[in-house]
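Structure file model_16.txt; described as compact mmCIF, C-alpha atoms.
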```txt
# COMPACT_ATOMS: atom_id res chain seq x y z
CA MET A 27 137.81 -7.41 167.62
CA ALA A 28 138.16 -6.26 171.23
CA GLU A 29 140.33 -8.37 173.50
CA LEU A 30 138.32 -11.20 175.01
CA THR A 31 138.50 -12.57 178.53
CA PRO A 32 140.02 -16.06 178.78
CA MET A 33 136.55 -17.52 179.28
CA GLU A 34 135.15 -15.69 176.25
CA ARG A 35 138.15 -16.75 174.18
CA VAL A 36 137.80 -20.44 175.05
CA LEU A 37 134.03 -20.47 174.59
CA THR A 38 134.45 -18.84 171.18
CA VAL A 39 136.85 -21.60 170.15
CA LEU A 40 134.55 -24.34 171.43
CA SER A 41 131.65 -22.86 169.49
CA GLY A 42 133.61 -23.20 166.25
CA LYS A 43 134.04 -19.46 165.84
CA ILE A 44 137.27 -17.49 165.51
CA PRO A 45 138.49 -15.71 168.67
CA ASP A 46 140.80 -12.71 168.98
CA ARG A 47 143.77 -15.05 169.47
CA VAL A 48 144.60 -18.68 170.08
CA PRO A 49 143.94 -19.67 173.70
CA LEU A 50 147.07 -20.72 175.62
CA PHE A 51 146.88 -23.47 178.23
CA LEU A 52 150.08 -23.89 180.24
CA LEU A 53 149.03 -26.58 182.70
CA PHE A 54 150.87 -25.93 185.95
CA SER A 55 150.77 -28.49 188.73
CA MET A 56 154.07 -29.19 190.55
CA TYR A 57 155.59 -26.24 188.66
CA GLY A 58 153.72 -24.04 191.10
CA ALA A 59 155.97 -25.33 193.89
CA LYS A 60 159.01 -24.28 191.86
CA GLU A 61 157.61 -20.81 191.26
CA CYS A 62 157.01 -20.17 194.96
CA ASN A 63 160.11 -22.07 196.14
CA MET A 64 158.28 -24.71 198.15
CA ASP A 65 158.69 -28.43 198.67
CA ILE A 66 156.28 -30.22 196.32
CA LYS A 67 154.47 -32.18 199.03
CA GLU A 68 154.22 -29.12 201.24
CA TYR A 69 152.90 -27.07 198.33
CA PHE A 70 150.13 -29.50 197.39
CA ASN A 71 148.98 -29.65 201.00
CA ASP A 72 148.71 -25.86 201.27
CA VAL A 73 145.41 -24.80 199.70
CA ASP A 74 146.13 -21.08 199.88
CA ALA A 75 149.59 -21.49 198.35
CA VAL A 76 148.14 -23.41 195.39
CA VAL A 77 145.36 -20.87 194.85
CA ASP A 78 147.66 -17.85 195.08
CA THR A 79 150.25 -19.45 192.81
CA GLN A 80 147.71 -20.49 190.17
CA LEU A 81 146.44 -16.93 190.01
CA MET A 82 149.99 -15.56 189.84
CA LEU A 83 151.02 -17.99 187.08
CA GLN A 84 147.97 -17.12 184.99
CA LYS A 85 148.86 -13.43 185.09
CA LYS A 86 152.59 -13.96 184.60
CA TYR A 87 152.27 -16.16 181.51
CA HIS A 88 148.95 -14.76 180.18
CA THR A 89 147.35 -18.19 180.07
CA ASP A 90 143.67 -18.86 179.48
CA CYS A 91 142.88 -21.32 182.25
CA LEU A 92 143.44 -22.22 185.89
CA TYR A 93 144.28 -25.83 186.74
CA THR A 94 143.34 -27.62 189.95
CA PHE A 95 145.26 -30.84 189.21
CA SER A 96 147.89 -31.84 191.74
CA TYR A 97 148.97 -35.42 190.97
CA ALA A 98 147.23 -38.50 189.57
CA SER A 99 147.69 -40.71 192.63
CA ILE A 100 145.51 -38.40 194.72
CA GLU A 101 142.69 -40.59 193.40
CA THR A 102 144.28 -43.80 194.69
CA GLU A 103 144.82 -42.00 198.01
CA ALA A 104 141.03 -41.78 198.18
CA PHE A 105 140.99 -45.59 197.86
CA GLY A 106 143.47 -45.92 200.74
CA GLY A 107 146.73 -45.79 198.80
CA ASP A 108 149.69 -43.49 199.26
CA THR A 109 151.95 -41.30 197.16
CA ILE A 110 155.71 -41.09 196.73
CA PHE A 111 157.03 -37.54 196.41
CA TYR A 112 160.23 -36.49 194.66
CA PRO A 113 162.15 -33.21 194.97
CA GLN A 114 161.83 -32.06 191.35
CA GLY A 115 159.50 -34.51 189.62
CA PRO A 116 155.88 -35.59 189.53
CA PRO A 117 154.60 -37.60 192.50
CA ASN A 118 153.91 -41.27 191.82
CA ALA A 119 151.53 -43.80 193.31
CA GLY A 120 152.94 -45.95 196.08
CA ALA A 121 152.36 -49.68 196.51
CA PRO A 122 149.27 -51.03 194.70
CA ILE A 123 146.09 -51.13 196.74
CA ILE A 124 145.05 -54.26 194.82
CA THR A 125 147.68 -56.93 195.43
CA SER A 126 145.53 -59.84 194.26
CA SER A 127 142.64 -59.93 191.83
CA LYS A 128 140.56 -61.28 194.71
CA ASP A 129 140.87 -57.88 196.39
CA ILE A 130 138.54 -56.53 193.72
CA ASP A 131 135.69 -58.59 195.17
CA SER A 132 135.59 -56.37 198.27
CA LEU A 133 136.78 -53.09 196.75
CA ALA A 134 134.44 -50.19 197.46
CA SER A 135 134.17 -46.87 195.68
CA PRO A 136 135.38 -44.15 198.08
CA ASP A 137 133.12 -41.36 199.25
CA VAL A 138 134.44 -38.10 197.82
CA ALA A 139 133.06 -36.07 200.71
CA SER A 140 135.01 -38.07 203.29
CA SER A 141 138.38 -38.04 201.49
CA GLU A 142 140.68 -35.29 202.78
CA PRO A 143 142.92 -35.25 199.66
CA LEU A 144 139.87 -34.78 197.43
CA ARG A 145 138.30 -32.21 199.75
CA ARG A 146 141.54 -30.24 199.45
CA ILE A 147 141.11 -30.06 195.67
CA LEU A 148 137.50 -28.97 196.12
CA ARG A 149 138.58 -26.15 198.44
CA ILE A 150 141.14 -25.01 195.86
CA THR A 151 138.43 -25.05 193.20
CA GLN A 152 136.02 -23.06 195.36
CA LYS A 153 138.63 -20.41 196.16
CA LEU A 154 139.67 -20.04 192.53
CA LYS A 155 136.04 -19.68 191.52
CA ALA A 156 135.52 -17.01 194.17
CA ALA A 157 138.57 -15.15 192.86
CA VAL A 158 137.82 -15.16 189.13
CA GLY A 159 134.12 -15.86 188.76
CA ASP A 160 133.30 -16.61 185.13
CA THR A 161 136.25 -14.74 183.61
CA ILE A 162 138.79 -17.61 183.48
CA PRO A 163 138.04 -21.32 182.90
CA ILE A 164 138.89 -23.57 185.83
CA ILE A 165 139.96 -27.04 184.74
CA GLY A 166 139.40 -29.99 187.05
CA VAL A 167 140.79 -33.47 186.46
CA VAL A 168 139.67 -37.09 186.76
CA MET A 169 141.33 -40.31 185.69
CA SER A 170 139.30 -42.57 183.43
CA PRO A 171 137.98 -45.68 185.19
CA PHE A 172 139.79 -47.64 182.49
CA SER A 173 143.19 -46.04 183.14
CA ILE A 174 143.29 -45.67 186.92
CA PRO A 175 143.86 -49.43 187.52
CA VAL A 176 147.45 -48.97 186.33
CA MET A 177 147.97 -47.19 189.67
CA GLN A 178 145.55 -49.37 191.63
CA MET A 179 147.22 -52.68 190.78
CA GLY A 180 150.18 -52.11 188.45
CA PHE A 181 150.24 -52.27 184.66
CA GLU A 182 151.24 -55.93 184.28
CA SER A 183 148.63 -57.18 186.74
CA TYR A 184 145.97 -55.03 185.11
CA LEU A 185 146.73 -56.39 181.65
CA LYS A 186 146.41 -59.94 182.98
CA LEU A 187 143.06 -59.04 184.52
CA LEU A 188 141.92 -57.43 181.29
CA HIS A 189 142.77 -60.50 179.23
CA LYS A 190 141.98 -63.33 181.63
CA ASP A 191 139.36 -62.31 184.20
CA ARG A 192 136.59 -60.24 182.63
CA PRO A 193 134.13 -60.73 185.53
CA ARG A 194 136.55 -59.08 187.96
CA PHE A 195 137.51 -56.50 185.34
CA ASN A 196 133.83 -55.61 185.02
CA ARG A 197 133.46 -55.32 188.79
CA LEU A 198 136.51 -53.06 189.01
CA MET A 199 135.09 -50.87 186.25
CA GLN A 200 131.76 -50.55 188.06
CA CYS A 201 133.55 -49.41 191.20
CA ASN A 202 135.78 -46.98 189.32
CA LYS A 203 132.93 -45.59 187.21
CA LYS A 204 130.94 -44.69 190.29
CA PHE A 205 133.91 -42.92 191.81
CA CYS A 206 134.92 -41.13 188.61
CA ILE A 207 131.47 -39.70 187.98
CA GLU A 208 131.03 -38.60 191.59
CA TRP A 209 134.50 -37.02 191.68
CA ALA A 210 134.06 -35.17 188.39
CA ASN A 211 130.67 -33.79 189.34
CA ALA A 212 131.89 -32.75 192.79
CA GLN A 213 134.57 -30.62 191.10
CA LEU A 214 132.02 -29.10 188.74
CA GLY A 215 129.79 -28.38 191.73
CA ALA A 216 132.69 -26.64 193.48
CA GLY A 217 133.20 -24.30 190.52
CA ALA A 218 135.21 -26.11 187.87
CA THR A 219 134.27 -25.07 184.33
CA ALA A 220 135.27 -28.32 182.66
CA ILE A 221 136.91 -31.66 183.39
CA CYS A 222 140.15 -32.90 181.88
CA TYR A 223 139.51 -36.62 181.40
CA PHE A 224 142.91 -38.31 181.57
CA ASN A 225 142.90 -41.62 179.74
CA PRO A 226 146.37 -42.71 178.58
CA LEU A 227 145.27 -46.32 178.04
CA ALA A 228 143.00 -45.21 175.22
CA SER A 229 146.10 -44.58 173.11
CA THR A 230 147.34 -47.31 170.81
CA ASP A 231 150.77 -46.56 172.27
CA MET A 232 149.53 -48.47 175.31
CA ILE A 233 147.17 -51.24 174.14
CA GLU A 234 145.67 -52.50 170.89
CA LYS A 235 142.85 -50.38 169.52
CA GLY A 236 140.51 -53.37 169.22
CA LEU A 237 140.98 -54.27 172.87
CA TYR A 238 140.27 -50.71 173.98
CA LEU A 239 137.14 -50.45 171.83
CA GLN A 240 135.87 -53.72 173.25
CA THR A 241 136.55 -52.91 176.89
CA GLY A 242 137.40 -49.31 177.81
CA TYR A 243 135.61 -47.31 175.15
CA PRO A 244 132.00 -48.14 176.17
CA ILE A 245 132.95 -47.31 179.77
CA ASP A 246 134.41 -43.94 178.77
CA CYS A 247 131.34 -43.06 176.71
CA GLU A 248 129.08 -43.89 179.65
CA VAL A 249 131.15 -41.88 182.12
CA ILE A 250 131.45 -38.81 179.89
CA LYS A 251 127.68 -38.90 179.36
CA ASN A 252 127.18 -38.74 183.14
CA ILE A 253 129.66 -35.96 183.83
CA GLN A 254 127.56 -32.83 184.21
CA GLY A 255 129.82 -30.50 182.26
CA PRO A 256 132.17 -30.42 179.27
CA THR A 257 135.16 -32.75 179.15
CA ALA A 258 138.53 -32.65 177.41
CA THR A 259 139.93 -36.10 176.73
CA HIS A 260 143.66 -36.22 177.34
CA LEU A 261 145.82 -39.24 176.50
CA ALA A 262 148.78 -37.86 178.50
CA SER A 263 151.12 -37.58 175.48
CA GLY A 264 149.88 -40.85 173.97
CA ARG A 265 149.22 -40.71 170.24
CA THR A 266 145.66 -39.80 169.28
CA GLN A 267 145.38 -40.12 165.51
CA SER A 268 144.25 -43.74 165.25
CA ILE A 269 141.51 -43.36 167.88
CA LEU A 270 140.39 -39.86 166.91
CA GLY A 271 137.15 -40.87 165.21
CA GLU A 272 135.98 -42.83 168.25
CA LEU A 273 136.95 -40.04 170.64
CA ALA A 274 134.89 -37.64 168.54
CA GLN A 275 131.85 -39.87 169.11
CA SER A 276 132.39 -40.23 172.87
CA GLY A 277 130.75 -36.95 173.87
CA THR A 278 133.96 -35.12 174.72
CA TYR A 279 134.49 -31.53 173.55
CA ILE A 280 138.27 -31.33 173.26
CA VAL A 281 141.00 -33.84 172.48
CA ALA A 282 144.61 -33.34 173.52
CA VAL A 283 147.12 -34.20 170.80
CA SER A 284 150.52 -35.82 171.30
CA GLY A 285 153.73 -34.27 170.08
CA LYS A 286 154.15 -37.53 168.15
CA ASP A 287 150.92 -36.92 166.23
CA SER A 288 150.72 -34.98 162.99
CA LEU A 289 148.89 -31.82 163.96
CA ALA A 290 148.19 -31.10 160.30
CA ASN A 291 146.51 -34.48 159.75
CA ILE A 292 144.46 -34.24 162.91
CA LYS A 293 143.25 -30.75 162.04
CA LYS A 294 142.03 -32.09 158.70
CA THR A 295 140.05 -34.97 160.19
CA SER A 296 138.84 -33.95 163.65
CA PRO A 297 135.51 -32.20 164.30
CA LEU A 298 136.66 -31.58 167.88
CA THR A 299 138.62 -28.69 169.31
CA ILE A 300 142.28 -29.70 169.37
CA MET A 301 144.61 -28.98 172.29
CA GLY A 302 148.37 -29.39 171.98
CA ASN A 303 150.94 -30.30 171.02
CA LEU A 304 154.19 -28.89 172.44
CA CYS A 305 156.36 -31.65 173.90
CA GLY A 306 156.97 -30.89 177.57
CA ILE A 307 159.99 -33.18 177.80
CA SER A 308 161.74 -31.55 174.84
CA MET A 309 160.65 -28.16 176.13
CA SER A 310 162.98 -28.65 179.08
CA SER A 311 166.01 -28.22 176.82
CA TRP A 312 164.75 -25.62 174.32
CA ASN A 313 166.63 -22.38 173.94
CA LYS A 314 164.78 -19.22 172.93
CA THR A 315 165.27 -19.77 169.20
CA GLU A 316 164.06 -23.37 169.39
CA THR A 317 161.06 -22.32 171.47
CA LYS A 318 160.02 -19.80 168.84
CA GLN A 319 160.42 -22.38 166.08
CA HIS A 320 158.24 -24.96 167.85
CA VAL A 321 155.51 -22.48 168.79
CA LYS A 322 155.43 -20.95 165.34
CA ALA A 323 155.14 -24.38 163.71
CA ALA A 324 152.28 -25.40 166.03
CA LEU A 325 150.42 -22.15 165.44
CA GLU A 326 150.78 -22.38 161.67
CA LEU A 327 149.31 -25.88 161.68
CA GLY A 328 146.72 -25.44 164.41
CA MET A 329 145.29 -21.97 163.84
CA PRO A 330 143.58 -22.28 160.44
CA GLY A 331 139.83 -22.62 160.91
CA GLY A 332 140.00 -22.10 164.66
CA ARG A 333 139.15 -24.90 167.13
CA PHE A 334 142.71 -24.90 168.45
CA ILE A 335 144.21 -24.38 171.91
CA LEU A 336 147.99 -24.24 172.23
CA ALA A 337 149.24 -26.35 175.15
CA ASP A 338 151.84 -28.86 176.20
CA ASN A 339 151.08 -32.43 175.17
CA HIS A 340 151.21 -34.16 178.55
CA GLY A 341 149.01 -32.08 180.84
CA GLU A 342 151.78 -30.96 183.16
CA ILE A 343 154.67 -28.53 182.71
CA PRO A 344 157.85 -30.30 183.87
CA TRP A 345 159.84 -28.79 186.72
CA GLN A 346 162.92 -28.55 184.49
CA VAL A 347 161.36 -26.14 181.96
CA GLU A 348 162.99 -22.72 182.22
CA GLU A 349 161.02 -19.58 183.00
CA GLU A 350 162.41 -17.95 179.84
CA THR A 351 160.95 -20.76 177.73
CA LEU A 352 157.46 -20.27 179.16
CA LEU A 353 157.66 -16.51 178.79
CA THR A 354 158.78 -16.96 175.18
CA ILE A 355 155.83 -19.26 174.48
CA SER A 356 153.48 -16.62 175.87
CA GLU A 357 155.16 -13.87 173.85
CA CYS A 358 154.95 -15.91 170.65
CA VAL A 359 151.21 -16.45 171.14
CA ALA A 360 150.75 -12.71 171.60
CA ASP A 361 152.82 -11.98 168.48
CA TRP A 362 151.73 -14.77 166.14
CA GLY A 363 148.55 -16.22 167.62
CA THR A 364 146.24 -13.30 166.83
CA TYR A 365 143.62 -13.85 164.13
CA SER A 366 143.21 -11.26 161.41
CA ARG A 367 140.16 -9.03 161.15
CA GLU A 368 139.02 -10.98 158.09
CA GLN A 369 139.15 -14.25 160.01
CA ASN A 370 137.30 -12.71 162.93
CA LYS A 371 134.42 -11.84 160.61
CA GLU A 372 133.98 -15.49 159.56
```
Can the structure in the file be given as structure tokens, please?
Amino acid sequence: MAELTPMERVLTVLSGKIPDRVPLFLLFSMYGAKECNMDIKEYFNDVDAVVDTQLMLQKKYHTDCLYTFSYASIETEAFGGDTIFYPQGPPNAGAPIITSSKDIDSLASPDVASSEPLRRILRITQKLKAAVGDTIPIIGVVMSPFSIPVMQMGFESYLKLLHKDRPRFNRLMQCNKKFCIEWANAQLGAGATAICYFNPLASTDMIEKGLYLQTGYPIDCEVIKNIQGPTATHLASGRTQSILGELAQSGTYIVAVSGKDSLANIKKTSPLTIMGNLCGISMSSWNKTETKQHVKAALELGMPGGRFILADNHGEIPWQVEEETLLTISECVADWGTYSREQNKE
């Protein structure tokens, strides 16, 4: 089989067919600032720097996607919140924008078009699309309406709301749903190929499965149905196995798998394309031999039958990961991730 473009490779996998090799998604956000030796906050505010660096990283590491994600709290910035930046770590949300459950009564869904942080992401998306056309998938990101309240009001306060004040929980979800759908579709309209749907609270590592199915799951199904393009559900390193059947029925195309999950078991049971499951935290301390061992193990478990994308399990390459480690991952995919001619005929 002739070498495919990244877009052709990913579409082949999503169709259930066997590509020339396993697609590789190294999801670079703040790591771009490290590569171009910039302050993280300065980097994310410089549209051209992000675009140029994304294109450079894709060529350097031979990855199969471009990634417009900056940091999760950019969405709470649209609601009027702020972000705390760190020298070598992911930015975090500042003080909650909801300090009392009563604040939910007057909370309004922000207008994407009038939010400068969101417009910045749309400009990045447009410029990447202009640069690569339909040759490389461009991945946009939204937070699930069910998960974003952890940043909007804090985890403890949100759990209390979820258990004790369903009317206000429902109102918050209506507000967040409207925003999430508008934000996802704006990114698709700007040129994103697909949306990474971050939803860590769907994992049973975070809350009980029954509670999620009763509250968050119907919301996620409704939102995914209204996003006008394919989605990849990502639990941000949360375990997936116990909720896999429900995720498969949600309308999503891809599910990201935790490093804590059994890739072998998930491959046996999931009808979805699987993305994962290299642990980004552990990756920060791997030497070359360890890197090869982890990549080889993931490929051996994930490759059979196709429907597999090799990636980190969190959706963000940590700053502390060494360049040699990433280059070794890329080299291993080139060496061991190619499907045989017989498989390509299937």
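Using all atoms listed in the file, the protein and nucleic acid residues lying no more than 10 Å from Asn252 (chain A), apart from those fewer than 6 places from it along its own chain, are Lys203, Cys206, Ile207, Glu208, Ala210, Asn211 and Asp246 of chain A.
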Give me the residues within 12 Å of Met64 (chain A) as a list in words, counting all atoms listed in the file and dropping any in the same chain fewer than 4 places off.
Met56, Tyr57, Gly58, Ala59, Lys60, Glu68, Tyr69, Phe70, Asn71, Asp72, Ala75, Val76, Thr79, Pro113 and Gln114 of chain A
May I ask which of the residues A:Pro175, A:Pro122, A:Gly285, A:Gly332 is the closest one to Asn225 (chain A), counting all atoms listed in the file?
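Counting all atoms listed in the file, the residue closest to Asn225 (chain A) is A:Pro175.
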Spatial neighbours of His88 (chain A), 7 Å, only C-alpha atoms, chain gap at least 3 places, as a ChimeraX atom specification:
/A:84-85,356
Option closest in space to Leu187 (chain A), from A:Lys128, A:Lys204, A:Lys314, A:Lys286 [counting all atoms listed in the file]
A:Lys128
Which residues come within 9 Å of Gln178 (chain A), counting all atoms listed in the file, excluding same-chain residues fewer than 5 positions away, as a PyMOL selection string?
chain A and resi 99+102+105+107+119+121-125+184
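Nearest residue to Thr266 (chain A), choosing from A:Pro32, A:Gly236, A:Gly302, A:Gly159 and counting only C-alpha atoms: A:Gly302.
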Would you compute the box with edges along x, y and z of the file around region 63-76 of chain A, including every atom the file lists for it and 3 Å extra on each side, and give its centre and edge lengths in Å to one decimal, as lines of an AutoDock Vina configuration file?
```
center_x = 152.8
center_y = -26.6
center_z = 198.3
size_x = 20.7
size_y = 17.1
size_z = 11.9
```
Between A:Lys155, A:Lys235, A:Arg333, A:Arg265, which is the closest to Gln80 (chain A) once you count only C-alpha atoms?
A:Lys155
Just how far from CA of Leu270 (chain A) is CA of Ala228 (chain A), in Å to one decimal?
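Atom-to-atom, CA of Ala228 (chain A) and CA of Leu270 (chain A) are spaced 10.2 Å apart.
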Could you give me, as a count of residues only, the residues within 12 Å of Ser127 (chain A), counting all atoms listed in the file and dropping anything in the same chain fewer than 4 positions from it?
24
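The residue that comes closest to Cys62 (chain A), out of A:Leu50, A:Ile245, A:Cys222, A:Leu83 and on the basis of all atoms listed in the file, is A:Leu83.
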I need every residue sitting at most 10 Å from the point (131.8, -36.3, 178.5) (coordinates as in the file, all atoms listed in the file considered), written as a PyMOL selection string.
chain A and resi 220-223+246-259+276-280
Return the single residue from A:Leu325, A:Ala218, A:Ile162, A:Leu304 that is closest to Arg149 (chain A), with distances computed using all atoms listed in the file.
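Looking only at the distances to Arg149 (chain A), the closest residue turns out to be A:Ala218.
From CA of Pro171 (chain A) back to CA of Thr299 (chain A), the distance works out to 23.3 Å.
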Take CA of His340 (chain A) and CA of Ala262 (chain A) and report the distance between them in Å, one decimal.
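That distance, rounded to one decimal, is 4.4 Å.
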Reconstructed region 294-312 of chain A, atom set N, CA and C atoms, as a short mmCIF file (atom, residue, chain, number, x, y, z; two decimals), in the coordinates of the input:
```cif
data_model
loop_
_atom_site.label_atom_id
_atom_site.label_comp_id
_atom_site.auth_asym_id
_atom_site.auth_seq_id
_atom_site.Cartn_x
_atom_site.Cartn_y
_atom_site.Cartn_z
N LYS A 294 142.82 -31.80 159.89
CA LYS A 294 142.03 -32.09 158.70
C LYS A 294 140.87 -33.04 158.99
N THR A 295 141.02 -33.89 159.99
CA THR A 295 140.05 -34.97 160.19
C THR A 295 139.19 -34.84 161.44
N SER A 296 139.58 -33.99 162.38
CA SER A 296 138.84 -33.95 163.65
C SER A 296 137.77 -32.87 163.68
N PRO A 297 136.54 -33.21 164.09
CA PRO A 297 135.51 -32.20 164.30
C PRO A 297 135.61 -31.55 165.68
N LEU A 298 136.51 -32.08 166.52
CA LEU A 298 136.66 -31.58 167.88
C LEU A 298 137.64 -30.42 167.94
N THR A 299 137.57 -29.66 169.02
CA THR A 299 138.62 -28.69 169.31
C THR A 299 139.88 -29.45 169.70
N ILE A 300 141.01 -29.03 169.16
CA ILE A 300 142.28 -29.70 169.37
C ILE A 300 143.11 -28.90 170.37
N MET A 301 143.74 -29.62 171.31
CA MET A 301 144.61 -28.98 172.29
C MET A 301 145.99 -29.63 172.18
N GLY A 302 147.03 -28.84 172.06
CA GLY A 302 148.37 -29.39 171.98
C GLY A 302 149.28 -28.45 171.22
N ASN A 303 150.38 -29.00 170.68
CA ASN A 303 150.94 -30.30 171.02
C ASN A 303 152.44 -30.14 171.26
N LEU A 304 152.80 -29.15 172.10
CA LEU A 304 154.19 -28.89 172.44
C LEU A 304 154.69 -29.97 173.39
N CYS A 305 155.82 -30.56 173.09
CA CYS A 305 156.36 -31.65 173.90
C CYS A 305 157.02 -31.10 175.16
N GLY A 306 156.44 -31.40 176.32
CA GLY A 306 156.97 -30.89 177.57
C GLY A 306 158.36 -31.39 177.88
N ILE A 307 158.66 -32.63 177.52
CA ILE A 307 159.99 -33.18 177.80
C ILE A 307 161.04 -32.44 176.98
N SER A 308 160.79 -32.29 175.68
CA SER A 308 161.74 -31.55 174.84
C SER A 308 161.83 -30.09 175.26
N MET A 309 160.71 -29.56 175.70
CA MET A 309 160.65 -28.16 176.13
C MET A 309 161.69 -27.85 177.21
N SER A 310 162.04 -28.85 177.99
CA SER A 310 162.98 -28.65 179.08
C SER A 310 164.37 -28.26 178.60
N SER A 311 164.68 -28.54 177.34
CA SER A 311 166.01 -28.22 176.82
C SER A 311 165.99 -27.18 175.71
N TRP A 312 164.82 -26.61 175.39
CA TRP A 312 164.75 -25.62 174.32
C TRP A 312 165.45 -24.34 174.71
#
```
